[in-house]
file upload.txt (compact mmCIF, C-alpha atoms)
# COMPACT_ATOMS: atom_id res chain seq x y z
CA MET A 1 5.44 37.22 -7.94
CA HIS A 2 2.38 37.80 -5.73
CA SER A 3 0.08 34.96 -6.82
CA PRO A 4 -0.73 32.26 -4.21
CA GLN A 5 2.07 29.67 -3.89
CA HIS A 6 1.64 25.94 -3.45
CA PRO A 7 2.97 24.98 0.00
CA ASP A 8 5.27 22.33 -1.49
CA ARG A 9 6.52 24.40 -4.44
CA ILE A 10 10.01 25.06 -3.04
CA ALA A 11 10.51 21.44 -1.94
CA LEU A 12 9.31 20.13 -5.31
CA HIS A 13 11.52 22.59 -7.18
CA ASN A 14 14.60 21.71 -5.14
CA GLU A 15 14.08 17.98 -5.70
CA ILE A 16 15.92 18.37 -9.01
CA HIS A 17 19.01 19.32 -7.01
CA ALA A 18 18.63 16.55 -4.41
CA ARG A 19 21.70 14.37 -3.80
CA PRO A 20 23.96 16.03 -6.39
CA PRO A 21 27.30 14.37 -7.18
CA GLU A 22 30.39 16.16 -5.91
CA ALA A 23 33.59 16.82 -7.82
CA MET A 24 36.34 14.28 -7.10
CA ALA A 25 40.01 13.86 -7.94
CA ALA A 26 42.14 10.70 -7.78
CA PRO A 27 43.54 9.12 -5.72
CA LEU A 28 40.67 8.56 -3.25
CA ALA A 29 39.51 5.85 -0.88
CA ILE A 30 35.71 5.70 -0.55
CA ALA A 31 33.68 3.51 1.78
CA HIS A 32 29.93 3.18 1.29
CA ILE A 33 27.59 1.56 3.84
CA VAL A 34 23.88 0.85 3.28
CA MET A 35 21.81 0.41 6.46
CA LEU A 36 18.28 -0.96 6.21
CA ALA A 37 16.23 1.12 8.65
CA ASP A 38 12.61 1.30 9.77
CA PRO A 39 11.11 4.73 10.70
CA SER A 40 12.42 4.63 14.27
CA GLN A 41 15.89 3.61 13.08
CA ARG A 42 15.92 6.41 10.50
CA ALA A 43 15.27 8.89 13.30
CA ALA A 44 18.04 7.25 15.32
CA SER A 45 20.31 7.54 12.27
CA ARG A 46 19.76 11.28 12.18
CA HIS A 47 20.67 11.54 15.88
CA HIS A 48 23.73 9.34 15.30
CA LEU A 49 24.85 11.71 12.54
CA ALA A 50 24.28 14.72 14.81
CA LYS A 51 26.47 13.11 17.48
CA LEU A 52 29.38 12.74 15.03
CA LEU A 53 28.96 16.29 13.76
CA ARG A 54 28.92 17.72 17.30
CA ASP A 55 32.09 15.80 18.11
CA HIS A 56 33.72 17.60 15.15
CA HIS A 57 32.19 20.98 16.08
CA VAL A 58 29.79 20.99 13.13
CA ALA A 59 26.15 22.06 13.49
CA PRO A 60 23.70 19.11 13.32
CA PRO A 61 21.18 18.99 10.44
CA ASP A 62 17.53 20.09 10.64
CA GLU A 63 14.89 17.45 11.28
CA GLN A 64 13.62 17.70 7.68
CA VAL A 65 17.03 17.29 6.01
CA THR A 66 17.54 14.00 4.13
CA HIS A 67 20.99 14.69 2.70
CA VAL A 68 24.15 15.97 4.38
CA ARG A 69 27.59 16.46 2.83
CA THR A 70 30.40 17.77 5.02
CA ASP A 71 34.17 17.79 5.49
CA LEU A 72 35.21 16.56 8.93
CA GLY A 73 38.94 17.04 8.42
CA ALA A 74 40.17 13.45 8.48
CA PHE A 75 37.52 12.42 5.95
CA ARG A 76 34.53 13.68 4.02
CA LEU A 77 31.10 12.35 4.96
CA ARG A 78 27.99 12.04 2.83
CA TRP A 79 24.78 10.94 4.57
CA GLU A 80 21.55 10.20 2.69
CA MET A 81 18.17 9.07 3.97
CA HIS A 82 16.06 7.03 1.55
CA THR A 83 12.64 5.43 1.88
CA GLU A 84 13.87 2.10 3.27
CA PHE A 85 17.54 2.62 4.01
CA VAL A 86 20.20 5.12 5.01
CA THR A 87 23.55 5.39 3.24
CA TRP A 88 26.84 6.55 4.77
CA THR A 89 29.69 7.42 2.41
CA PHE A 90 33.19 8.17 3.71
CA ALA A 91 35.95 9.55 1.45
CA LEU A 92 39.58 10.44 2.09
CA ARG A 93 42.65 11.23 0.04
CA ILE A 94 45.27 8.49 -0.50
CA ARG A 95 49.00 9.21 -0.35
CA GLY A 96 51.42 7.69 -2.82
CA ASP A 97 53.04 5.46 -0.18
CA GLN A 98 49.62 4.01 0.70
CA LEU A 99 49.17 2.87 -2.91
CA ALA A 100 52.33 0.80 -2.58
CA ALA A 101 51.19 -0.84 0.67
CA ALA A 102 50.47 -4.55 0.80
CA ASP A 103 46.75 -3.85 1.23
CA LEU A 104 44.86 -0.70 0.32
CA ALA A 105 43.47 1.16 3.33
CA SER A 106 39.69 1.49 3.69
CA ALA A 107 38.14 4.90 4.23
CA LEU A 108 36.31 3.37 7.21
CA ASP A 109 39.64 3.30 9.06
CA ALA A 110 39.38 7.09 9.44
CA ALA A 111 35.96 6.99 11.17
CA PRO A 112 35.66 6.53 14.97
CA ARG A 113 35.35 2.79 15.60
CA GLU A 114 32.87 2.94 18.48
CA TRP A 115 30.66 5.40 16.61
CA LEU A 116 30.85 3.28 13.45
CA ALA A 117 29.86 0.14 15.36
CA GLY A 118 26.71 1.91 16.60
CA LEU A 119 25.19 2.75 13.19
CA PRO A 120 21.40 2.25 13.53
CA GLY A 121 19.72 -0.38 11.37
CA GLN A 122 20.93 -3.52 9.63
CA CYS A 123 23.75 -3.47 7.10
CA ILE A 124 22.68 -4.78 3.68
CA GLY A 125 25.64 -3.42 1.73
CA SER A 126 29.22 -2.33 2.37
CA LEU A 127 31.61 -1.28 -0.37
CA ASP A 128 35.22 -0.09 -0.57
CA LEU A 129 35.89 1.90 -3.74
CA TRP A 130 39.34 3.18 -4.61
CA VAL A 131 39.59 5.92 -7.23
CA LEU A 132 43.07 5.71 -8.75
CA PRO A 133 44.96 7.50 -11.54
CA GLY A 134 45.11 5.91 -14.99
CA LEU A 135 46.52 2.42 -15.43
CA ARG A 136 50.29 2.24 -15.21
CA ASN A 137 52.94 -0.46 -15.08
CA GLY A 138 52.52 -2.44 -11.89
CA ASP A 139 48.81 -1.70 -11.50
CA ASP A 140 48.03 -5.32 -12.33
CA ARG A 141 49.75 -6.32 -9.08
CA LEU A 142 47.65 -3.78 -7.17
CA ARG A 143 44.51 -5.19 -8.71
CA GLN A 144 45.59 -8.73 -7.85
CA ARG A 145 46.19 -7.70 -4.24
CA ALA A 146 42.80 -6.04 -3.92
CA LEU A 147 40.57 -8.41 -5.92
CA HIS A 148 40.15 -12.13 -6.54
CA ASP A 149 41.55 -12.62 -10.02
CA GLU A 150 39.41 -15.69 -10.75
CA LEU A 151 36.22 -13.67 -10.07
CA LEU A 152 37.33 -10.51 -11.83
CA VAL A 153 34.75 -8.43 -13.69
CA GLY A 154 35.60 -5.18 -15.43
CA SER A 155 34.97 -2.78 -18.25
CA ALA A 156 35.91 0.53 -19.79
CA VAL A 157 33.42 3.19 -18.73
CA ALA A 158 32.58 6.85 -19.33
CA GLY A 159 33.26 6.71 -23.05
CA GLU A 160 36.30 4.44 -22.45
CA GLN A 161 38.06 7.24 -20.57
CA ALA A 162 38.14 5.19 -17.33
CA GLN A 163 38.24 1.56 -16.26
CA VAL A 164 36.47 -0.18 -13.36
CA PHE A 165 37.15 -3.61 -11.84
CA THR A 166 35.39 -5.64 -9.15
CA ASP A 167 34.95 -9.24 -8.07
CA PHE A 168 31.52 -8.93 -6.36
CA ALA A 169 32.96 -10.75 -3.36
CA ILE A 170 32.78 -9.91 0.35
CA HIS A 171 36.32 -9.49 1.65
CA PRO A 172 37.65 -10.10 5.19
CA ASN A 173 36.56 -6.64 6.43
CA GLY A 174 32.97 -7.38 5.38
CA SER A 175 32.97 -5.14 2.30
CA SER A 176 32.94 -5.74 -1.43
CA ARG A 177 35.54 -3.88 -3.51
CA PHE A 178 35.75 -1.73 -6.64
CA LEU A 179 38.85 -0.33 -8.32
CA LEU A 180 38.25 2.69 -10.56
CA TYR A 181 41.08 4.01 -12.75
CA ALA A 182 39.92 7.55 -13.48
CA GLY A 183 42.35 8.42 -16.30
CA GLU A 184 41.82 11.99 -17.46
CA LEU A 185 38.17 12.27 -16.44
CA PRO A 186 37.14 15.80 -15.35
CA HIS A 187 36.45 16.10 -11.64
CA ARG A 188 32.68 16.54 -11.92
CA ARG A 189 32.28 13.72 -14.40
CA LEU A 190 34.37 11.52 -12.13
CA GLY A 191 32.06 12.42 -9.24
CA ARG A 192 29.01 11.38 -11.28
CA LEU A 193 30.68 8.10 -12.26
CA VAL A 194 31.56 7.30 -8.64
CA GLN A 195 28.01 8.05 -7.52
CA ARG A 196 26.57 5.74 -10.15
CA LEU A 197 28.93 2.92 -9.16
CA LEU A 198 27.89 3.32 -5.52
CA GLU A 199 24.24 3.31 -6.55
CA ILE A 200 24.74 0.14 -8.60
CA GLU A 201 25.87 -1.66 -5.45
CA THR A 202 23.17 -0.03 -3.32
CA TYR A 203 20.27 -0.83 -5.66
CA ARG A 204 21.62 -4.32 -6.36
CA MET A 205 21.40 -5.20 -2.68
CA ALA A 206 18.10 -3.38 -2.13
CA ALA A 207 16.54 -5.22 -5.07
CA MET A 208 17.65 -8.57 -3.66
CA LEU A 209 15.63 -8.00 -0.48
CA GLY A 210 12.63 -9.39 -2.35
CA LEU A 211 14.26 -12.78 -2.96
CA PRO A 212 13.82 -14.31 0.54
CA THR A 213 10.22 -13.08 0.56
CA ALA A 214 9.66 -14.61 -2.89
CA ARG A 215 11.00 -17.97 -1.73
CA GLU A 216 8.82 -17.99 1.39
CA THR A 217 5.84 -16.90 -0.68
CA GLY A 218 6.51 -19.70 -3.17
CA VAL A 219 6.14 -22.33 -0.42
CA ALA A 220 2.89 -20.77 0.82
CA LEU A 221 1.55 -20.44 -2.73
CA ALA A 222 2.29 -24.09 -3.49
CA SER A 223 0.27 -25.12 -0.44
CA ALA A 224 -2.59 -22.78 -1.36
CA GLU A 225 -2.63 -24.01 -4.98
CA SER A 226 -2.77 -27.62 -3.78
CA GLU A 227 -5.67 -26.82 -1.45
CA LEU A 228 -7.51 -25.00 -4.24
CA ALA A 229 -7.13 -28.03 -6.51
CA GLU A 230 -8.58 -30.25 -3.78
CA LEU A 231 -11.48 -27.87 -3.28
CA ALA A 232 -12.21 -27.72 -7.01
CA HIS A 233 -12.26 -31.54 -7.16
CA ALA A 234 -14.47 -31.71 -4.05
CA ILE A 235 -16.91 -29.19 -5.52
CA GLN A 236 -17.35 -31.44 -8.58
CA ARG A 237 -18.69 -34.33 -6.53
CA ALA A 238 -20.16 -32.46 -3.57
CA GLU A 239 -23.71 -33.02 -2.37
CA ARG A 240 -25.98 -30.13 -1.53
CA GLN A 241 -25.43 -30.38 2.18
CA GLU A 242 -21.63 -30.13 1.68
CA GLU A 243 -21.62 -26.94 -0.37
CA ALA A 244 -21.85 -24.53 2.56
CA GLN A 245 -18.79 -26.13 4.17
CA LEU A 246 -16.86 -25.98 0.88
CA LEU A 247 -17.78 -22.33 0.42
CA ASP A 248 -16.50 -21.59 3.93
CA ARG A 249 -13.16 -23.33 3.17
CA LEU A 250 -12.88 -21.45 -0.10
CA THR A 251 -13.54 -18.12 1.62
CA ARG A 252 -10.87 -18.86 4.21
CA LEU A 253 -8.38 -19.74 1.47
CA ALA A 254 -9.16 -16.50 -0.37
CA ALA A 255 -8.62 -14.51 2.83
CA GLN A 256 -5.28 -16.27 3.40
CA VAL A 257 -4.05 -15.52 -0.14
CA GLU A 258 -5.18 -11.88 -0.01
CA SER A 259 -3.53 -11.43 3.38
CA GLN A 260 -0.27 -12.79 2.02
CA TYR A 261 -0.56 -10.56 -1.06
CA ALA A 262 -1.04 -7.49 1.13
CA ALA A 263 1.99 -8.45 3.24
CA THR A 264 4.34 -8.98 0.27
CA HIS A 265 3.11 -6.61 -2.42
CA SER A 266 5.09 -3.61 -1.19
CA ARG A 267 8.30 -5.68 -0.99
CA PHE A 268 7.92 -7.02 -4.53
CA SER A 269 7.00 -3.58 -5.87
CA ALA A 270 10.06 -2.07 -4.20
CA SER A 271 12.33 -4.79 -5.61
CA SER A 272 10.95 -4.20 -9.10
CA ALA A 273 11.65 -0.47 -8.77
CA TYR A 274 15.19 -1.12 -7.50
CA PHE A 275 15.90 -3.49 -10.40
CA GLU A 276 14.80 -0.78 -12.83
CA LEU A 277 17.08 1.77 -11.14
CA LEU A 278 19.93 -0.76 -11.28
CA ASP A 279 19.38 -1.19 -15.02
CA GLN A 280 19.43 2.59 -15.52
CA ARG A 281 22.67 3.08 -13.57
CA ILE A 282 24.42 0.31 -15.53
CA VAL A 283 23.40 1.97 -18.80
CA GLN A 284 24.53 5.38 -17.51
CA ILE A 285 28.14 4.32 -16.80
CA GLY A 286 28.53 3.55 -20.52
CA GLU A 287 30.37 0.22 -20.40
CA ALA A 288 32.65 -1.10 -23.13
CA ARG A 289 34.17 -4.57 -23.07
CA LEU A 290 37.75 -5.24 -21.95
CA GLU A 291 39.40 -8.25 -23.52
CA GLY A 292 38.87 -11.42 -21.53
CA LEU A 293 36.47 -9.90 -18.97
CA GLN A 294 32.74 -9.77 -18.49
CA THR A 295 31.28 -6.30 -18.11
CA ILE A 296 29.49 -5.37 -14.90
CA GLY A 297 26.18 -5.25 -16.77
CA GLU A 298 26.66 -8.70 -18.28
CA PHE A 299 27.68 -10.20 -14.96
CA ILE A 300 24.75 -8.68 -13.06
CA ASP A 301 22.29 -9.64 -15.80
CA ARG A 302 23.45 -13.27 -15.83
CA ARG A 303 23.67 -13.69 -12.07
CA LEU A 304 20.64 -11.66 -10.94
CA THR A 305 18.16 -12.61 -13.63
CA PRO A 306 17.06 -15.82 -11.79
CA ALA A 307 16.46 -13.83 -8.59
CA ARG A 308 14.64 -11.11 -10.52
CA LYS A 309 12.44 -13.66 -12.29
CA THR A 310 11.72 -15.39 -8.99
CA CYS A 311 10.34 -12.15 -7.54
CA GLU A 312 8.33 -11.43 -10.70
CA TRP A 313 7.02 -15.00 -10.84
CA ALA A 314 5.92 -14.84 -7.18
CA THR A 315 3.91 -11.72 -7.98
CA ARG A 316 2.32 -13.33 -11.05
CA ARG A 317 1.53 -16.52 -9.11
CA GLN A 318 -0.22 -14.48 -6.43
CA ASP A 319 -2.31 -12.66 -9.02
CA ALA A 320 -3.11 -15.88 -10.91
CA LEU A 321 -4.05 -17.75 -7.73
CA SER A 322 -6.28 -14.90 -6.60
CA ARG A 323 -8.10 -14.94 -9.95
CA ARG A 324 -8.48 -18.74 -9.86
CA ILE A 325 -9.95 -18.62 -6.36
CA SER A 326 -12.33 -15.91 -7.53
CA ARG A 327 -13.46 -18.05 -10.48
CA VAL A 328 -13.98 -21.16 -8.34
CA SER A 329 -15.85 -19.07 -5.76
CA SER A 330 -18.09 -17.66 -8.49
CA LEU A 331 -18.83 -21.15 -9.81
CA LEU A 332 -19.66 -22.47 -6.36
CA ARG A 333 -21.80 -19.45 -5.53
CA THR A 334 -23.60 -19.82 -8.86
CA ARG A 335 -24.26 -23.47 -8.09
CA VAL A 336 -25.56 -22.61 -4.63
CA GLU A 337 -27.73 -19.82 -6.05
CA ILE A 338 -29.21 -22.14 -8.72
CA GLU A 339 -30.06 -24.70 -6.05
CA GLN A 340 -31.56 -21.97 -3.90
CA GLN A 341 -33.66 -20.84 -6.88
CA GLN A 342 -34.77 -24.43 -7.44
CA ASN A 343 -35.66 -24.73 -3.78
CA SER A 344 -37.55 -21.45 -3.96
CA GLN A 345 -39.39 -22.63 -7.07
CA ALA A 346 -40.31 -25.88 -5.37
CA LEU A 347 -41.51 -23.95 -2.34
CA LEU A 348 -43.63 -21.69 -4.54
CA GLU A 349 -45.12 -24.72 -6.26
CA ALA A 350 -45.94 -26.22 -2.87
CA LEU A 351 -47.54 -22.96 -1.82
CA ASN A 352 -49.58 -22.92 -5.02
CA ARG A 353 -50.76 -26.47 -4.36
CA ARG A 354 -51.69 -25.53 -0.83
CA GLN A 355 -53.54 -22.49 -2.11
CA ASP A 356 -55.47 -24.62 -4.60
CA LEU A 357 -56.36 -27.03 -1.81
CA GLN A 358 -57.44 -24.16 0.38
CA LEU A 359 -59.65 -22.84 -2.41
CA LYS A 360 -61.23 -26.25 -2.81
CA LEU A 361 -61.76 -26.54 0.91
CA GLN A 362 -63.13 -23.02 0.91
CA ALA A 363 -65.59 -23.92 -1.89
CA THR A 364 -66.72 -26.94 0.15
CA VAL A 365 -67.12 -24.81 3.23
CA GLU A 366 -69.02 -22.22 1.19
CA GLY A 367 -71.50 -24.92 0.13
CA LEU A 368 -72.00 -25.90 3.74
CA SER A 369 -72.27 -22.25 4.65
CA VAL A 370 -75.05 -21.69 2.07
CA ALA A 371 -76.95 -24.67 3.46
CA ALA A 372 -76.51 -23.54 7.07
CA ILE A 373 -77.49 -19.93 6.37
CA THR A 374 -80.46 -21.10 4.29
CA TYR A 375 -81.55 -23.40 7.12
CA TYR A 376 -81.55 -20.60 9.67
CA ILE A 377 -83.27 -18.08 7.39
CA VAL A 378 -85.97 -20.61 6.38
CA GLY A 379 -86.54 -21.31 10.06
CA LEU A 380 -87.15 -17.63 10.59
CA VAL A 381 -89.53 -17.60 7.61
CA SER A 382 -91.39 -20.58 9.14
CA TYR A 383 -91.85 -18.68 12.38
CA LEU A 384 -93.09 -15.65 10.43
CA ALA A 385 -95.58 -17.82 8.53
CA LYS A 386 -96.97 -19.27 11.76
CA GLY A 387 -97.55 -15.80 13.10
CA GLY A 388 -98.94 -14.63 9.76
CA GLN A 389 -101.67 -17.30 9.71
CA LYS A 390 -103.42 -15.48 12.55
CA LEU A 391 -103.30 -12.32 10.43
CA GLY A 392 -104.71 -14.05 7.38
CA TRP A 393 -101.66 -15.62 5.67
CA PRO A 394 -103.22 -18.32 3.49
CA LEU A 395 -100.41 -20.89 3.51
CA SER A 396 -99.26 -23.12 6.28
CA ALA A 397 -95.90 -22.61 7.90
CA GLU A 398 -94.51 -25.78 6.28
CA SER A 399 -95.64 -24.73 2.78
CA THR A 400 -94.20 -21.26 3.24
CA ALA A 401 -90.87 -22.70 4.39
CA ALA A 402 -90.79 -25.06 1.40
CA LEU A 403 -91.39 -22.22 -1.04
CA ALA A 404 -88.81 -20.01 0.65
CA ILE A 405 -85.94 -22.55 0.51
CA PRO A 406 -84.98 -22.05 -3.19
CA LEU A 407 -85.31 -18.28 -2.95
CA VAL A 408 -83.24 -18.05 0.22
CA ALA A 409 -80.58 -20.51 -1.00
CA GLY A 410 -80.22 -18.64 -4.32
CA SER A 411 -79.99 -15.28 -2.60
CA VAL A 412 -77.34 -16.51 -0.12
CA TRP A 413 -75.27 -18.13 -2.89
CA TRP A 414 -75.46 -15.01 -5.09
CA SER A 415 -74.45 -12.75 -2.15
CA LEU A 416 -71.39 -14.89 -1.32
CA ARG A 417 -70.26 -14.96 -4.97
CA ARG A 418 -70.59 -11.19 -5.20
CA LEU A 419 -68.55 -10.79 -2.02
CA HIS A 420 -65.78 -13.04 -3.40
CA ARG A 421 -65.64 -11.17 -6.71
CA SER A 422 -65.36 -7.89 -4.82
CA MET A 423 -62.46 -9.21 -2.68
CA PHE A 424 -60.52 -10.78 -5.61
CA SER A 425 -60.87 -7.63 -7.72
CA HIS A 426 -58.81 -5.77 -5.07
call {"tool": "encode", "arguments": {"input": "upload.txt", "output": "structure tokens"}}
result
Amino acid sequence: MHSPQHPDRIALHNEIHARPPEAMAAPLAIAHIVMLADPSQRAASRHHLAKLLRDHHVAPPDEQVTHVRTDLGAFRLRWEMHTEFVTWTFALRIRGDQLAAADLASALDAAPREWLAGLPGQCIGSLDLWVLPGLRNGDDRLRQRALHDELLVGSAVAGEQAQVFTDFAIHPNGSSRFLLYAGELPHRRLGRLVQRLLEIETYRMAAMLGLPTARETGVALASAESELAELAHAIQRAERQEEAQLLDRLTRLAAQVESQYAATHSRFSASSAYFELLDQRIVQIGEARLEGLQTIGEFIDRRLTPARKTCEWATRRQDALSRRISRVSSLLRTRVEIEQQQNSQALLEALNRRQDLQLKLQATVEGLSVAAITYYIVGLVSYLAKGGQKLGWPLSAESTAALAIPLVAGSVWWSLRRLHRSMFSH
């Protein structure tokens, strides 16, 4: 194919094969660790993996690799890098005499202790999973040794071909525990079932990361809601001179709420996504009830629903508070704008009154101006009449001035009116 290729085509195509389950056969001991890691810690995790691989004479992974599966002799290792966390899965075969031991051995016992203690990041989940053959006589004693009987949760899974038990408790080694009786499950189907059980524990803990944030947000939201109520009450009875201060307080409150929303939105969104993945994995293991026991899905639904609703409620409270602040801000701004319009209207009315007064004053001044101009022009006419008498002008200067006054005054008045009409027409 010679047509131009999208630069990400191969990566996007291979995503369908990312993190595939591996075939498994009982009996197995599996240990699964989930390390919360920021970008720098994820890079350190890759280097930590490379160190272990070099110690076992295995080539380290490329910088772009996010999934490694390898056999290191004493145990098998599966390393996966996710968006927020890194998972380490250790698996080793169990001998028959180990099944009869007082306590089942953890797969972590096969990993180097110093190297294991240096895993980058913060541990948010640790699980020991034992994959055992089908239930036999005496397996109840094994289950009682491994799990707290009073906390026991279990179900038939994979079309009732296998059974899984857990107590969702953290045991002395810091890990929770699952017992999976594989029965006659095919190896690949068993691998898929194990991967889904590990993901149930992983996504359960990742989803719960939103709960502390939701609780902290709830305290901050309660304070913000109380302040908004005070502001709304103050706006009701506020005088004009207080509105600018109230608008400033309201703007600061809006900035505080939006800042908190920006800081927590990604955490709540991630928790919501993890809860959805958790629901999917529980459905995919195909649980059926065992007599006298809650299923894993029922237990998780009953126990995690309050935490889930707390995270969802925190998100809804943030959205609702933001909308309420916006409405109160709009009302206050509308009130301020109306008052500004009233002030502007009053100012325009004052300007109109001043203009009317100026026009009246101008008319008065125009009358005085007509008289003054007439006076000066008539004076000139008087001087002309005096000089004209010597040339034969029949009237005296006083008579000429008297006759000229109405003509001059009318001409001056008419000229000023014409000038005003010309100016106002433009």
call {"tool": "residues_around", "arguments": {"input": "upload.txt", "residues": "stretch 252-254 of chain A", "least_positions_apart": "6", "cutoff": "8 Å", "atoms": "all atoms listed in the file", "output": "PyMOL selection string"}}
result
chain A and resi 224+228+322+325-326
call {"tool": "write_last_selection", "arguments": {"input": "upload.txt", "atoms": "C-alpha atoms", "output": "compact mmCIF listing (two decimals), in the coordinates of the input"}}
result
# COMPACT_ATOMS: atom_id res chain seq x y z
CA ALA A 224 -2.59 -22.78 -1.36
CA LEU A 228 -7.51 -25.00 -4.24
CA SER A 322 -6.28 -14.90 -6.60
CA ILE A 325 -9.95 -18.62 -6.36
CA SER A 326 -12.33 -15.91 -7.53
call {"tool": "residues_around", "arguments": {"input": "upload.txt", "residues": "A:Phe165", "least_positions_apart": "2", "cutoff": "6 Å", "atoms": "only C-alpha atoms", "output": "list in words"}}
result
Val153, Gly154, Phe178 and Leu179 of chain A
call {"tool": "closest_residue", "arguments": {"input": "upload.txt", "among": "A:Thr305, A:Thr87, A:Gln260, A:Ser369", "to": "A:Asp319", "atoms": "all atoms listed in the file"}}
result
A:Gln260
call {"tool": "residues_around", "arguments": {"input": "upload.txt", "residues": "stretch 105-108 of chain A", "least_positions_apart": "4", "cutoff": "8 Å", "atoms": "all atoms listed in the file", "output": "PyMOL selection string"}}
result
chain A and resi 29-31+75+90-92+98+128
call {"tool": "closest_residue", "arguments": {"input": "upload.txt", "among": "A:Thr374, A:Ser272, A:Gln294, A:Gln41", "to": "A:Asp167", "atoms": "all atoms listed in the file"}}
result
A:Gln294
call {"tool": "closest_residue", "arguments": {"input": "upload.txt", "among": "A:Leu116, A:Ala43, A:Ala110, A:Ala146", "to": "A:Val86", "atoms": "all atoms listed in the file"}}
result
A:Ala43
